[in-house]
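Data file: work-v7.tsv. Format and content: TSV, N, CA and C atoms.
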chain	number	residue	atom	x	y	z
A	1	GLN	N	79.03	105.71	63.40
A	1	GLN	CA	78.04	105.36	62.40
A	1	GLN	C	77.10	104.31	62.98
A	2	LEU	N	75.83	104.66	63.01
A	2	LEU	CA	74.83	103.74	63.55
A	2	LEU	C	74.63	102.57	62.59
A	3	GLN	N	74.66	101.37	63.12
A	3	GLN	CA	74.41	100.17	62.33
A	3	GLN	C	73.22	99.43	62.91
A	4	LEU	N	72.35	98.97	62.03
A	4	LEU	CA	71.14	98.27	62.45
A	4	LEU	C	71.16	96.85	61.92
A	5	VAL	N	70.80	95.92	62.79
A	5	VAL	CA	70.77	94.51	62.40
A	5	VAL	C	69.42	93.93	62.78
A	6	GLU	N	68.72	93.40	61.78
A	6	GLU	CA	67.42	92.77	62.02
A	6	GLU	C	67.60	91.27	62.24
A	7	SER	N	66.66	90.71	62.97
A	7	SER	CA	66.62	89.26	63.16
A	7	SER	C	65.18	88.84	63.43
A	8	GLY	N	64.96	87.53	63.37
A	8	GLY	CA	63.64	87.01	63.71
A	8	GLY	C	62.78	86.59	62.54
A	9	GLY	N	63.30	86.78	61.35
A	9	GLY	CA	62.53	86.38	60.18
A	9	GLY	C	62.53	84.87	60.00
A	10	GLY	N	61.80	84.41	59.01
A	10	GLY	CA	61.77	82.99	58.72
A	10	GLY	C	60.53	82.60	57.96
A	11	LEU	N	60.32	81.30	57.89
A	11	LEU	CA	59.17	80.73	57.21
A	11	LEU	C	58.09	80.43	58.25
A	12	VAL	N	56.90	80.91	57.98
A	12	VAL	CA	55.81	80.70	58.92
A	12	VAL	C	54.53	80.41	58.13
A	13	GLN	N	53.67	79.63	58.70
A	13	GLN	CA	52.40	79.31	58.04
A	13	GLN	C	51.41	80.46	58.19
A	14	PRO	N	50.49	80.57	57.27
A	14	PRO	CA	49.43	81.60	57.42
A	14	PRO	C	48.75	81.49	58.77
A	15	GLY	N	48.51	82.64	59.38
A	15	GLY	CA	47.92	82.67	60.70
A	15	GLY	C	48.93	82.67	61.83
A	16	GLY	N	50.17	82.41	61.49
A	16	GLY	CA	51.21	82.34	62.50
A	16	GLY	C	51.72	83.71	62.92
A	17	SER	N	52.72	83.70	63.79
A	17	SER	CA	53.28	84.93	64.33
A	17	SER	C	54.80	84.91	64.27
A	18	LEU	N	55.35	86.10	64.23
A	18	LEU	CA	56.80	86.29	64.31
A	18	LEU	C	57.07	87.56	65.09
A	19	ARG	N	58.24	87.62	65.68
A	19	ARG	CA	58.68	88.85	66.32
A	19	ARG	C	60.02	89.23	65.71
A	20	LEU	N	60.02	90.33	65.00
A	20	LEU	CA	61.26	90.84	64.42
A	20	LEU	C	61.94	91.76	65.42
A	21	SER	N	63.26	91.67	65.44
A	21	SER	CA	64.05	92.52	66.31
A	21	SER	C	65.02	93.34	65.48
A	22	CYS	N	65.33	94.51	65.99
A	22	CYS	CA	66.30	95.41	65.36
A	22	CYS	C	67.20	95.93	66.47
A	23	VAL	N	68.46	95.62	66.36
A	23	VAL	CA	69.42	96.04	67.38
A	23	VAL	C	70.44	96.98	66.75
A	24	ALA	N	70.74	98.04	67.47
A	24	ALA	CA	71.69	99.04	66.97
A	24	ALA	C	73.05	98.86	67.60
A	25	SER	N	74.07	99.17	66.82
A	25	SER	CA	75.43	99.24	67.33
A	25	SER	C	76.08	100.49	66.78
A	26	GLY	N	77.16	100.91	67.41
A	26	GLY	CA	77.83	102.12	66.96
A	26	GLY	C	77.12	103.39	67.40
A	27	GLY	N	76.17	103.24	68.27
A	27	GLY	CA	75.40	104.39	68.75
A	27	GLY	C	74.15	103.92	69.44
A	28	THR	N	73.34	104.85	69.89
A	28	THR	CA	72.10	104.51	70.57
A	28	THR	C	70.90	104.88	69.73
A	29	LEU	N	69.85	104.08	69.86
A	29	LEU	CA	68.63	104.34	69.10
A	29	LEU	C	67.72	105.35	69.77
A	30	ARG	N	68.01	105.70	71.00
A	30	ARG	CA	67.03	106.41	71.81
A	30	ARG	C	66.57	107.74	71.24
A	31	HIS	N	67.39	108.36	70.41
A	31	HIS	CA	67.04	109.69	69.90
A	31	HIS	C	66.42	109.65	68.50
A	32	TYR	N	66.18	108.45	67.99
A	32	TYR	CA	65.73	108.32	66.61
A	32	TYR	C	64.29	107.83	66.51
A	33	VAL	N	63.62	108.25	65.47
A	33	VAL	CA	62.40	107.59	65.03
A	33	VAL	C	62.82	106.26	64.41
A	34	ILE	N	62.10	105.21	64.74
A	34	ILE	CA	62.37	103.90	64.18
A	34	ILE	C	61.22	103.49	63.26
A	35	GLY	N	61.58	102.96	62.13
A	35	GLY	CA	60.56	102.49	61.20
A	35	GLY	C	60.85	101.07	60.74
A	36	TRP	N	59.79	100.34	60.50
A	36	TRP	CA	59.88	99.04	59.85
A	36	TRP	C	59.28	99.18	58.46
A	37	PHE	N	60.04	98.78	57.48
A	37	PHE	CA	59.61	98.83	56.09
A	37	PHE	C	59.69	97.42	55.52
A	38	ARG	N	58.97	97.21	54.44
A	38	ARG	CA	59.07	95.90	53.80
A	38	ARG	C	59.01	96.07	52.29
A	39	GLN	N	59.61	95.11	51.61
A	39	GLN	CA	59.57	95.11	50.16
A	39	GLN	C	59.32	93.69	49.69
A	40	ALA	N	58.19	93.52	49.06
A	40	ALA	CA	57.83	92.23	48.49
A	40	ALA	C	58.39	92.13	47.08
A	41	PRO	N	58.57	90.93	46.58
A	41	PRO	CA	59.10	90.76	45.22
A	41	PRO	C	58.26	91.50	44.19
A	42	GLY	N	58.90	92.32	43.40
A	42	GLY	CA	58.21	93.03	42.34
A	42	GLY	C	57.39	94.22	42.79
A	43	LYS	N	57.50	94.57	44.07
A	43	LYS	CA	56.72	95.69	44.59
A	43	LYS	C	57.63	96.75	45.18
A	44	GLU	N	57.08	97.95	45.34
A	44	GLU	CA	57.83	99.02	45.95
A	44	GLU	C	57.92	98.82	47.45
A	45	ARG	N	58.92	99.42	48.02
A	45	ARG	CA	59.08	99.35	49.47
A	45	ARG	C	57.91	100.08	50.15
A	46	GLU	N	57.45	99.52	51.24
A	46	GLU	CA	56.28	100.04	51.96
A	46	GLU	C	56.65	100.31	53.41
A	47	GLY	N	56.25	101.45	53.91
A	47	GLY	CA	56.42	101.74	55.32
A	47	GLY	C	55.34	101.04	56.11
A	48	VAL	N	55.72	100.08	56.94
A	48	VAL	CA	54.78	99.25	57.66
A	48	VAL	C	54.38	99.88	58.99
A	49	SER	N	55.38	100.31	59.75
A	49	SER	CA	55.10	100.87	61.07
A	49	SER	C	56.26	101.73	61.51
A	50	CYS	N	55.95	102.81	62.21
A	50	CYS	CA	56.96	103.70	62.75
A	50	CYS	C	56.63	104.06	64.19
A	51	ILE	N	57.67	104.35	64.96
A	51	ILE	CA	57.48	104.70	66.36
A	51	ILE	C	58.41	105.85	66.72
A	52	SER	N	57.89	106.79	67.49
A	52	SER	CA	58.68	107.94	67.88
A	52	SER	C	59.74	107.56	68.90
A	53	SER	N	60.65	108.48	69.16
A	53	SER	CA	61.78	108.19	70.05
A	53	SER	C	61.33	107.85	71.47
A	54	LEU	N	60.24	108.43	71.93
A	54	LEU	CA	59.74	108.18	73.28
A	54	LEU	C	58.55	107.23	73.29
A	55	SER	N	58.28	106.62	72.16
A	55	SER	CA	57.17	105.66	72.03
A	55	SER	C	55.80	106.29	72.25
A	56	ASP	N	55.69	107.61	72.13
A	56	ASP	CA	54.41	108.27	72.36
A	56	ASP	C	53.62	108.47	71.08
A	57	SER	N	54.19	108.05	69.97
A	57	SER	CA	53.48	108.14	68.70
A	57	SER	C	53.84	106.95	67.84
A	58	THR	N	52.83	106.31	67.30
A	58	THR	CA	53.07	105.18	66.40
A	58	THR	C	52.23	105.34	65.15
A	59	TYR	N	52.68	104.68	64.11
A	59	TYR	CA	51.95	104.68	62.84
A	59	TYR	C	51.93	103.26	62.31
A	60	TYR	N	50.80	102.88	61.74
A	60	TYR	CA	50.69	101.58	61.09
A	60	TYR	C	50.05	101.76	59.72
A	61	ALA	N	50.59	101.09	58.74
A	61	ALA	CA	49.94	101.07	57.44
A	61	ALA	C	48.60	100.36	57.57
A	62	ASP	N	47.64	100.75	56.77
A	62	ASP	CA	46.31	100.15	56.85
A	62	ASP	C	46.36	98.64	56.69
A	63	SER	N	47.28	98.16	55.89
A	63	SER	CA	47.36	96.73	55.59
A	63	SER	C	47.78	95.89	56.78
A	64	VAL	N	48.32	96.52	57.82
A	64	VAL	CA	48.83	95.75	58.95
A	64	VAL	C	48.19	96.13	60.28
A	65	LYS	N	47.33	97.13	60.27
A	65	LYS	CA	46.68	97.56	61.52
A	65	LYS	C	45.99	96.39	62.20
A	66	ALA	N	46.09	96.34	63.50
A	66	ALA	CA	45.49	95.32	64.36
A	66	ALA	C	46.22	93.98	64.30
A	67	ARG	N	47.19	93.87	63.41
A	67	ARG	CA	47.97	92.62	63.34
A	67	ARG	C	49.43	92.82	63.74
A	68	PHE	N	49.97	94.01	63.50
A	68	PHE	CA	51.36	94.30	63.80
A	68	PHE	C	51.42	95.24	65.00
A	69	THR	N	52.45	95.06	65.82
A	69	THR	CA	52.68	95.95	66.95
A	69	THR	C	54.15	96.32	67.00
A	70	ILE	N	54.41	97.61	66.96
A	70	ILE	CA	55.79	98.10	67.03
A	70	ILE	C	56.09	98.51	68.47
A	71	SER	N	57.32	98.28	68.88
A	71	SER	CA	57.75	98.68	70.22
A	71	SER	C	59.24	98.93	70.19
A	72	ARG	N	59.73	99.48	71.26
A	72	ARG	CA	61.16	99.75	71.34
A	72	ARG	C	61.61	99.69	72.78
A	73	ASP	N	62.89	99.44	72.98
A	73	ASP	CA	63.51	99.44	74.29
A	73	ASP	C	64.77	100.28	74.16
A	74	ASN	N	64.66	101.54	74.51
A	74	ASN	CA	65.79	102.44	74.32
A	74	ASN	C	67.00	102.04	75.15
A	75	ALA	N	66.77	101.44	76.30
A	75	ALA	CA	67.88	101.00	77.14
A	75	ALA	C	68.71	99.93	76.44
A	76	LYS	N	68.06	99.16	75.59
A	76	LYS	CA	68.75	98.10	74.86
A	76	LYS	C	69.09	98.51	73.43
A	77	SER	N	68.76	99.75	73.07
A	77	SER	CA	68.96	100.20	71.68
A	77	SER	C	68.34	99.21	70.71
A	78	ALA	N	67.12	98.84	71.00
A	78	ALA	CA	66.44	97.83	70.20
A	78	ALA	C	65.02	98.24	69.87
A	79	ALA	N	64.53	97.72	68.79
A	79	ALA	CA	63.14	97.92	68.39
A	79	ALA	C	62.59	96.58	67.93
A	80	TYR	N	61.27	96.47	68.00
A	80	TYR	CA	60.66	95.18	67.71
A	80	TYR	C	59.40	95.37	66.85
A	81	LEU	N	59.08	94.35	66.12
A	81	LEU	CA	57.83	94.33	65.37
A	81	LEU	C	57.18	92.97	65.59
A	82	GLN	N	56.12	92.97	66.36
A	82	GLN	CA	55.35	91.75	66.58
A	82	GLN	C	54.35	91.61	65.45
A	83	ILE	N	54.41	90.49	64.77
A	83	ILE	CA	53.56	90.28	63.60
A	83	ILE	C	52.66	89.09	63.88
A	84	ASN	N	51.38	89.32	63.92
A	84	ASN	CA	50.40	88.26	64.17
A	84	ASN	C	49.51	88.05	62.95
A	85	SER	N	48.81	86.93	62.97
A	85	SER	CA	47.85	86.62	61.90
A	85	SER	C	48.47	86.82	60.52
A	86	LEU	N	49.64	86.25	60.35
A	86	LEU	CA	50.37	86.46	59.10
A	86	LEU	C	49.59	85.94	57.90
A	87	LYS	N	49.72	86.68	56.82
A	87	LYS	CA	49.08	86.33	55.56
A	87	LYS	C	50.14	86.15	54.49
A	88	PRO	N	49.86	85.39	53.45
A	88	PRO	CA	50.85	85.22	52.38
A	88	PRO	C	51.31	86.57	51.80
A	89	GLU	N	50.44	87.54	51.77
A	89	GLU	CA	50.83	88.85	51.23
A	89	GLU	C	51.76	89.63	52.15
A	90	ASP	N	52.02	89.11	53.34
A	90	ASP	CA	53.02	89.72	54.21
A	90	ASP	C	54.43	89.26	53.86
A	91	THR	N	54.55	88.32	52.95
A	91	THR	CA	55.86	87.85	52.53
A	91	THR	C	56.66	88.99	51.92
A	92	ALA	N	57.84	89.22	52.50
A	92	ALA	CA	58.67	90.34	52.06
A	92	ALA	C	59.97	90.33	52.83
A	93	VAL	N	60.89	91.15	52.38
A	93	VAL	CA	62.07	91.46	53.19
A	93	VAL	C	61.70	92.65	54.06
A	94	TYR	N	61.91	92.50	55.34
A	94	TYR	CA	61.57	93.54	56.30
A	94	TYR	C	62.85	94.25	56.75
A	95	TYR	N	62.78	95.56	56.69
A	95	TYR	CA	63.92	96.40	57.03
A	95	TYR	C	63.61	97.27	58.24
A	96	CYS	N	64.60	97.43	59.09
A	96	CYS	CA	64.54	98.38	60.18
A	96	CYS	C	65.31	99.63	59.73
A	97	ALA	N	64.82	100.79	60.09
A	97	ALA	CA	65.47	102.02	59.71
A	97	ALA	C	65.31	103.07	60.81
A	98	ALA	N	66.21	104.05	60.81
A	98	ALA	CA	66.19	105.09	61.84
A	98	ALA	C	66.35	106.45	61.20
A	99	ALA	N	65.68	107.42	61.81
A	99	ALA	CA	65.76	108.79	61.31
A	99	ALA	C	65.77	109.76	62.49
A	100	VAL	N	66.42	110.89	62.29
A	100	VAL	CA	66.38	111.95	63.29
A	100	VAL	C	64.96	112.50	63.31
A	101	PRO	N	64.34	112.62	64.48
A	101	PRO	CA	62.93	113.03	64.56
A	101	PRO	C	62.73	114.53	64.37
A	102	GLN	N	62.61	114.93	63.13
A	102	GLN	CA	62.35	116.34	62.84
A	102	GLN	C	60.89	116.58	62.46
A	103	PHE	N	60.21	115.51	62.08
A	103	PHE	CA	58.86	115.63	61.57
A	103	PHE	C	57.95	114.62	62.25
A	104	ALA	N	56.67	114.67	61.92
A	104	ALA	CA	55.72	113.73	62.50
A	104	ALA	C	56.13	112.30	62.19
A	105	THR	N	55.92	111.43	63.18
A	105	THR	CA	56.35	110.04	63.05
A	105	THR	C	55.79	109.38	61.79
A	106	SER	N	54.53	109.62	61.53
A	106	SER	CA	53.89	108.97	60.39
A	106	SER	C	54.51	109.37	59.06
A	107	SER	N	55.06	110.56	59.01
A	107	SER	CA	55.59	111.05	57.75
A	107	SER	C	56.77	110.24	57.26
A	108	TYR	N	57.49	109.63	58.17
A	108	TYR	CA	58.63	108.80	57.77
A	108	TYR	C	58.13	107.50	57.15
A	109	CYS	N	57.16	106.89	57.73
A	109	CYS	CA	56.60	105.65	57.18
A	109	CYS	C	55.88	105.90	55.86
A	110	ARG	N	55.29	107.05	55.74
A	110	ARG	CA	54.53	107.36	54.53
A	110	ARG	C	55.43	107.84	53.41
A	111	GLY	N	56.73	107.90	53.67
A	111	GLY	CA	57.68	108.19	52.61
A	111	GLY	C	57.91	109.66	52.33
A	112	PHE	N	57.40	110.53	53.20
A	112	PHE	CA	57.59	111.95	52.96
A	112	PHE	C	59.02	112.39	53.25
A	113	TYR	N	59.64	111.68	54.18
A	113	TYR	CA	61.01	112.01	54.55
A	113	TYR	C	61.83	110.73	54.62
A	114	GLY	N	63.10	110.86	54.30
A	114	GLY	CA	63.94	109.67	54.25
A	114	GLY	C	64.45	109.25	55.61
A	115	MET	N	64.87	108.00	55.68
A	115	MET	CA	65.49	107.46	56.87
A	115	MET	C	67.00	107.51	56.70
A	116	ALA	N	67.70	107.82	57.79
A	116	ALA	CA	69.14	108.02	57.70
A	116	ALA	C	69.92	106.72	57.73
A	117	TYR	N	69.40	105.74	58.44
A	117	TYR	CA	70.13	104.48	58.61
A	117	TYR	C	69.19	103.31	58.32
A	118	TRP	N	69.77	102.30	57.68
A	118	TRP	CA	68.99	101.11	57.29
A	118	TRP	C	69.74	99.84	57.67
A	119	GLY	N	68.97	98.85	58.09
A	119	GLY	CA	69.53	97.53	58.23
A	119	GLY	C	69.53	96.82	56.89
A	120	LYS	N	70.07	95.62	56.86
A	120	LYS	CA	70.16	94.87	55.61
A	120	LYS	C	68.91	94.06	55.31
A	121	GLY	N	68.06	93.97	56.29
A	121	GLY	CA	66.78	93.31	56.07
A	121	GLY	C	66.77	91.86	56.51
A	122	VAL	N	65.55	91.38	56.73
A	122	VAL	CA	65.34	89.99	57.11
A	122	VAL	C	64.12	89.48	56.34
A	123	LEU	N	64.22	88.26	55.84
A	123	LEU	CA	63.15	87.72	55.01
A	123	LEU	C	62.08	87.06	55.86
A	124	VAL	N	60.85	87.43	55.58
A	124	VAL	CA	59.68	86.78	56.17
A	124	VAL	C	58.91	86.13	55.04
A	125	THR	N	58.71	84.84	55.15
A	125	THR	CA	57.97	84.09	54.14
A	125	THR	C	56.77	83.43	54.80
A	126	VAL	N	55.60	83.74	54.28
A	126	VAL	CA	54.37	83.17	54.82
A	126	VAL	C	53.81	82.21	53.79
A	127	SER	N	53.85	80.93	54.11
A	127	SER	CA	53.46	79.92	53.14
A	127	SER	C	53.14	78.62	53.85
A	128	THR	N	52.31	77.82	53.20
A	128	THR	CA	52.02	76.48	53.70
A	128	THR	C	53.07	75.50	53.19
In structure tokens, write the structure found in this file.
Amino acid sequence: QLQLVESGGGLVQPGGSLRLSCVASGGTLRHYVIGWFRQAPGKEREGVSCISSLSDSTYYADSVKARFTISRDNAKSAAYLQINSLKPEDTAVYYCAAAVPQFATSSYCRGFYGMAYWGKGVLVTVST
């Protein structure tokens, strides 16, 4: 059973940066699409960014384009989300998730297909 653990969250001032990490255990991430999702208080979960198993396809939600960068290191069974120019509206619990790549990468982030494995999430708070 694949298990995902996120880290790297915390409190950061507007304009700051964070790098979220997602590490897998109980298996390897190399064959999965990886997605980063977030859920802000009182809001629905949002697919922020997704990356294909070979890193040849990525997707970013419009709200994070040019500020977030997704990457992965299959040798380390890890995925990352570099978050720059943080805004208060980026405050949320961020989740890492994995899915078997049967469909276009973007379709997982856009909610058309479910993710098979989820981490427990990490809180990112953007505030002065």
Hey, what's within 6 Å of Val5 of chain A if we count all atoms listed in the file and toss same-chain stuff fewer than 6 positions away? As number ranges by chain, please? A: 21-24, 119-120
Could you go through segment 46-75 of chain A and tell me which residues DSSP, when run on the backbone, assigns to strand (DSSP E or B), listing them as a VMD selection string? chain A and resid 46 to 51 58 to 60 68 to 73
Same residues, N, CA and C atoms, output as a PDB file, in the frame of the given file:
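Saved the output as selection-v3.pdb:
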ATOM      1  N   GLU A  46      57.450  99.520  51.240  1.00  0.00           N
ATOM      2  CA  GLU A  46      56.280 100.040  51.960  1.00  0.00           C
ATOM      3  C   GLU A  46      56.650 100.310  53.410  1.00  0.00           C
ATOM      4  N   GLY A  47      56.250 101.450  53.910  1.00  0.00           N
ATOM      5  CA  GLY A  47      56.420 101.740  55.320  1.00  0.00           C
ATOM      6  C   GLY A  47      55.340 101.040  56.110  1.00  0.00           C
ATOM      7  N   VAL A  48      55.720 100.080  56.940  1.00  0.00           N
ATOM      8  CA  VAL A  48      54.780  99.250  57.660  1.00  0.00           C
ATOM      9  C   VAL A  48      54.380  99.880  58.990  1.00  0.00           C
ATOM     10  N   SER A  49      55.380 100.310  59.750  1.00  0.00           N
ATOM     11  CA  SER A  49      55.100 100.870  61.070  1.00  0.00           C
ATOM     12  C   SER A  49      56.260 101.730  61.510  1.00  0.00           C
ATOM     13  N   CYS A  50      55.950 102.810  62.210  1.00  0.00           N
ATOM     14  CA  CYS A  50      56.960 103.700  62.750  1.00  0.00           C
ATOM     15  C   CYS A  50      56.630 104.060  64.190  1.00  0.00           C
ATOM     16  N   ILE A  51      57.670 104.350  64.960  1.00  0.00           N
ATOM     17  CA  ILE A  51      57.480 104.700  66.360  1.00  0.00           C
ATOM     18  C   ILE A  51      58.410 105.850  66.720  1.00  0.00           C
ATOM     19  N   THR A  58      52.830 106.310  67.300  1.00  0.00           N
ATOM     20  CA  THR A  58      53.070 105.180  66.400  1.00  0.00           C
ATOM     21  C   THR A  58      52.230 105.340  65.150  1.00  0.00           C
ATOM     22  N   TYR A  59      52.680 104.680  64.110  1.00  0.00           N
ATOM     23  CA  TYR A  59      51.950 104.680  62.840  1.00  0.00           C
ATOM     24  C   TYR A  59      51.930 103.260  62.310  1.00  0.00           C
ATOM     25  N   TYR A  60      50.800 102.880  61.740  1.00  0.00           N
ATOM     26  CA  TYR A  60      50.690 101.580  61.090  1.00  0.00           C
ATOM     27  C   TYR A  60      50.050 101.760  59.720  1.00  0.00           C
ATOM     28  N   PHE A  68      49.970  94.010  63.500  1.00  0.00           N
ATOM     29  CA  PHE A  68      51.360  94.300  63.800  1.00  0.00           C
ATOM     30  C   PHE A  68      51.420  95.240  65.000  1.00  0.00           C
ATOM     31  N   THR A  69      52.450  95.060  65.820  1.00  0.00           N
ATOM     32  CA  THR A  69      52.680  95.950  66.950  1.00  0.00           C
ATOM     33  C   THR A  69      54.150  96.320  67.000  1.00  0.00           C
ATOM     34  N   ILE A  70      54.410  97.610  66.960  1.00  0.00           N
ATOM     35  CA  ILE A  70      55.790  98.100  67.030  1.00  0.00           C
ATOM     36  C   ILE A  70      56.090  98.510  68.470  1.00  0.00           C
ATOM     37  N   SER A  71      57.320  98.280  68.880  1.00  0.00           N
ATOM     38  CA  SER A  71      57.750  98.680  70.220  1.00  0.00           C
ATOM     39  C   SER A  71      59.240  98.930  70.190  1.00  0.00           C
ATOM     40  N   ARG A  72      59.730  99.480  71.260  1.00  0.00           N
ATOM     41  CA  ARG A  72      61.160  99.750  71.340  1.00  0.00           C
ATOM     42  C   ARG A  72      61.610  99.690  72.780  1.00  0.00           C
ATOM     43  N   ASP A  73      62.890  99.440  72.980  1.00  0.00           N
ATOM     44  CA  ASP A  73      63.510  99.440  74.290  1.00  0.00           C
ATOM     45  C   ASP A  73      64.770 100.280  74.160  1.00  0.00           C
TER      46      ASP A  73
END
Near Arg72 of chain A, counting only C-alpha atoms, which residues have an atom at most 10 Å away, once you skip same-chain residues fewer than 2 positions from it, shown as a VMD selection string? chain A and resid 21 to 23 29 to 30 34 51 to 55 70 74 to 81
Rounded to one decimal in Å, what is the spacing between atom C of Thr28 of chain A and atom CA of Gly9 of chain A?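 Separating atom C of Thr28 of chain A from atom CA of Gly9 of chain A is a distance of 22.4 Å.
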Which polymer residues have any atom within 8 Å of an atom of segment 35-50 of chain A, counting all atoms listed in the file, with same-chain residues fewer than 6 positions away left out, as number ranges by chain? A: 57-65, 68-71, 80-81, 89-99, 105-106, 108-111, 115
Please produce a file of those selected residues containing N, CA and C atoms, as a compact mmCIF listing (two decimals), in the frame of the given file.
# COMPACT_ATOMS: atom_id res chain seq x y z
N SER A 57 54.19 108.05 69.97
CA SER A 57 53.48 108.14 68.70
C SER A 57 53.84 106.95 67.84
N THR A 58 52.83 106.31 67.30
CA THR A 58 53.07 105.18 66.40
C THR A 58 52.23 105.34 65.15
N TYR A 59 52.68 104.68 64.11
CA TYR A 59 51.95 104.68 62.84
C TYR A 59 51.93 103.26 62.31
N TYR A 60 50.80 102.88 61.74
CA TYR A 60 50.69 101.58 61.09
C TYR A 60 50.05 101.76 59.72
N ALA A 61 50.59 101.09 58.74
CA ALA A 61 49.94 101.07 57.44
C ALA A 61 48.60 100.36 57.57
N ASP A 62 47.64 100.75 56.77
CA ASP A 62 46.31 100.15 56.85
C ASP A 62 46.36 98.64 56.69
N SER A 63 47.28 98.16 55.89
CA SER A 63 47.36 96.73 55.59
C SER A 63 47.78 95.89 56.78
N VAL A 64 48.32 96.52 57.82
CA VAL A 64 48.83 95.75 58.95
C VAL A 64 48.19 96.13 60.28
N LYS A 65 47.33 97.13 60.27
CA LYS A 65 46.68 97.56 61.52
C LYS A 65 45.99 96.39 62.20
N PHE A 68 49.97 94.01 63.50
CA PHE A 68 51.36 94.30 63.80
C PHE A 68 51.42 95.24 65.00
N THR A 69 52.45 95.06 65.82
CA THR A 69 52.68 95.95 66.95
C THR A 69 54.15 96.32 67.00
N ILE A 70 54.41 97.61 66.96
CA ILE A 70 55.79 98.10 67.03
C ILE A 70 56.09 98.51 68.47
N SER A 71 57.32 98.28 68.88
CA SER A 71 57.75 98.68 70.22
C SER A 71 59.24 98.93 70.19
N TYR A 80 61.27 96.47 68.00
CA TYR A 80 60.66 95.18 67.71
C TYR A 80 59.40 95.37 66.85
N LEU A 81 59.08 94.35 66.12
CA LEU A 81 57.83 94.33 65.37
C LEU A 81 57.18 92.97 65.59
N GLU A 89 50.44 87.54 51.77
CA GLU A 89 50.83 88.85 51.23
C GLU A 89 51.76 89.63 52.15
N ASP A 90 52.02 89.11 53.34
CA ASP A 90 53.02 89.72 54.21
C ASP A 90 54.43 89.26 53.86
N THR A 91 54.55 88.32 52.95
CA THR A 91 55.86 87.85 52.53
C THR A 91 56.66 88.99 51.92
N ALA A 92 57.84 89.22 52.50
CA ALA A 92 58.67 90.34 52.06
C ALA A 92 59.97 90.33 52.83
N VAL A 93 60.89 91.15 52.38
CA VAL A 93 62.07 91.46 53.19
C VAL A 93 61.70 92.65 54.06
N TYR A 94 61.91 92.50 55.34
CA TYR A 94 61.57 93.54 56.30
C TYR A 94 62.85 94.25 56.75
N TYR A 95 62.78 95.56 56.69
CA TYR A 95 63.92 96.40 57.03
C TYR A 95 63.61 97.27 58.24
N CYS A 96 64.60 97.43 59.09
CA CYS A 96 64.54 98.38 60.18
C CYS A 96 65.31 99.63 59.73
N ALA A 97 64.82 100.79 60.09
CA ALA A 97 65.47 102.02 59.71
C ALA A 97 65.31 103.07 60.81
N ALA A 98 66.21 104.05 60.81
CA ALA A 98 66.19 105.09 61.84
C ALA A 98 66.35 106.45 61.20
N ALA A 99 65.68 107.42 61.81
CA ALA A 99 65.76 108.79 61.31
C ALA A 99 65.77 109.76 62.49
N THR A 105 55.92 111.43 63.18
CA THR A 105 56.35 110.04 63.05
C THR A 105 55.79 109.38 61.79
N SER A 106 54.53 109.62 61.53
CA SER A 106 53.89 108.97 60.39
C SER A 106 54.51 109.37 59.06
N TYR A 108 57.49 109.63 58.17
CA TYR A 108 58.63 108.80 57.77
C TYR A 108 58.13 107.50 57.15
N CYS A 109 57.16 106.89 57.73
CA CYS A 109 56.60 105.65 57.18
C CYS A 109 55.88 105.90 55.86
N ARG A 110 55.29 107.05 55.74
CA ARG A 110 54.53 107.36 54.53
C ARG A 110 55.43 107.84 53.41
N GLY A 111 56.73 107.90 53.67
CA GLY A 111 57.68 108.19 52.61
C GLY A 111 57.91 109.66 52.33
N MET A 115 64.87 108.00 55.68
CA MET A 115 65.49 107.46 56.87
C MET A 115 67.00 107.51 56.70
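Taking atom CA of Val100 of chain A as the reference point, atom CA of Asn84 of chain A is found at 28.6 Å.
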Reconstruct N, CA, C and O atoms of segment 66-72 of chain A from the incomplete input and present them as a PDB file, in the frame of the given file.
ATOM      1  N   ALA A  66      46.090  96.340  63.500  1.00  0.00           N
ATOM      2  CA  ALA A  66      45.490  95.320  64.360  1.00  0.00           C
ATOM      3  C   ALA A  66      46.220  93.980  64.300  1.00  0.00           C
ATOM      4  O   ALA A  66      45.899  93.061  65.047  1.00  0.00           O
ATOM      5  N   ARG A  67      47.190  93.870  63.410  1.00  0.00           N
ATOM      6  CA  ARG A  67      47.970  92.620  63.340  1.00  0.00           C
ATOM      7  C   ARG A  67      49.430  92.820  63.740  1.00  0.00           C
ATOM      8  O   ARG A  67      50.059  91.901  64.265  1.00  0.00           O
ATOM      9  N   PHE A  68      49.970  94.010  63.500  1.00  0.00           N
ATOM     10  CA  PHE A  68      51.360  94.300  63.800  1.00  0.00           C
ATOM     11  C   PHE A  68      51.420  95.240  65.000  1.00  0.00           C
ATOM     12  O   PHE A  68      50.578  96.136  65.149  1.00  0.00           O
ATOM     13  N   THR A  69      52.450  95.060  65.820  1.00  0.00           N
ATOM     14  CA  THR A  69      52.680  95.950  66.950  1.00  0.00           C
ATOM     15  C   THR A  69      54.150  96.320  67.000  1.00  0.00           C
ATOM     16  O   THR A  69      55.010  95.442  67.067  1.00  0.00           O
ATOM     17  N   ILE A  70      54.410  97.610  66.960  1.00  0.00           N
ATOM     18  CA  ILE A  70      55.790  98.100  67.030  1.00  0.00           C
ATOM     19  C   ILE A  70      56.090  98.510  68.470  1.00  0.00           C
ATOM     20  O   ILE A  70      55.217  99.004  69.192  1.00  0.00           O
ATOM     21  N   SER A  71      57.320  98.280  68.880  1.00  0.00           N
ATOM     22  CA  SER A  71      57.750  98.680  70.220  1.00  0.00           C
ATOM     23  C   SER A  71      59.240  98.930  70.190  1.00  0.00           C
ATOM     24  O   SER A  71      59.922  98.602  69.205  1.00  0.00           O
ATOM     25  N   ARG A  72      59.730  99.480  71.260  1.00  0.00           N
ATOM     26  CA  ARG A  72      61.160  99.750  71.340  1.00  0.00           C
ATOM     27  C   ARG A  72      61.610  99.690  72.780  1.00  0.00           C
ATOM     28  O   ARG A  72      60.817  99.906  73.713  1.00  0.00           O
TER      29      ARG A  72
END
